[in-house]
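What follows is a set of notes on a single structure, which appears directly below.
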Amino acid sequence: MKVKYFAWVRERIGKSEETVEPPANVRTVGDLMTWLARRGETYAHAFEKPRIIRAAIDQAHVKQDAVIAGAREIAFFPPMTGG
Amino acid sequence: MTAKPTIRIQQADFDIAREIAALTNGRTDIGAVVSFSGICRGNENGEDIAALTLEHYPGMAEAEIARHVESAMSRWPLSGVSIIHRVGRLNPGENIVLVLTASQHRQAAFAAAEFLMDYLKANAPFWKREESAAGTAWVDARTHDDAAVARWTKS
């Protein structure tokens, strides 16, 4: 699946998107953050406070307990500050 | 009659008079247009701001705005809606966002414009980064923006 990062999540990780293949036990958005955080220091920094990170599956907001099976695109970003 | 909403995300500035004319052109059923403009401030909490840079999630930003426009149209009798959000680097005094709502009567247009701005700020995937003498920093989300949204879900 494709993972996208925005704003300071993107800056901390150092890339705006990548393709990842998490193992089957990574079921939810929250699991995916925990799994990504183990990929290295930049990821650990980006996901150090997972509760404040927002997520979207296929461009729709989801909660952290949302199941990721079947997702084409998952995005992680800080709370929004537009308008 | 409800015209197809206009939703645009662009770097370029917008002309409010031209956008209102586009919304009302050829219509005689519209009695009210409410216009809200969000403008880049030059000072935030006593600190001078040199510029704002706006980032967005292409695709999702348009989809989120469209979803909230649909929701507004189901709540109020609107004749038309236009929303334009700028992205990229903006200087103090420049326009950031435009919300236009048109209706037969003013109450629906006022309420829908406020509803759309509240939802847009809390839910549309845009992020602001501020440049100041202290460097650059991502703007923190405000809890009162979430509170502003919550009041529309009561009763």
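Chain labels follow the order of the structure tokens: the first chain is A, the next B, and so on; residue numbering restarts at 1 in every chain, and ligands are counted from 1 in their shown order.
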
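For stretch 2-68 of chain A, the set of residues given helix (DSSP H, G or I) by DSSP on the backbone reads Ala7, Trp8, Val9, Arg10, Glu11, Arg12, Ile13, Val29, Gly30, Asp31, Leu32, Met33, Thr34, Trp35, Leu36, Ala37, Glu41, Thr42, Tyr43, Ala44, His45, Ala46, Pro50, Arg51 and Ile52 of chain A.
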
Inset, instruction - Show which residues sit within 7 Å of B:Ile9, as a ChimeraX atom specification. Count only C-alpha atoms, and ignore same-chain residues fewer than 3 positions away. - result: /B:84-87

Inset, instruction - May I have the residues within 12 Å of A:Val20 as a PyMOL selection string, using only C-alpha atoms and disregarding those fewer than 6 positions away in the same chain? - result: chain A and resi 1-4+26+32-33+35-36+39+71-74

Legend entry - Who sits within 12 Å of B:Arg142, only C-alpha atoms, same chain under 2 positions skipped, as a PyMOL selection string: (chain A and resi 78-82) or (chain B and resi 118+121-122+139-140+144-149)

Inset, instruction - Residues of chain B no more than 10 Å from chain A, counting only C-alpha atoms: send them over as number ranges by chain. - result: B: 37-40, 54-64, 84-87, 96-99, 117-129, 137-142, 145

Inset, instruction - Work out how far atom CA of A:Ile53 is from atom CA of B:Asn95, in Å to one decimal. - result: 28.1 Å
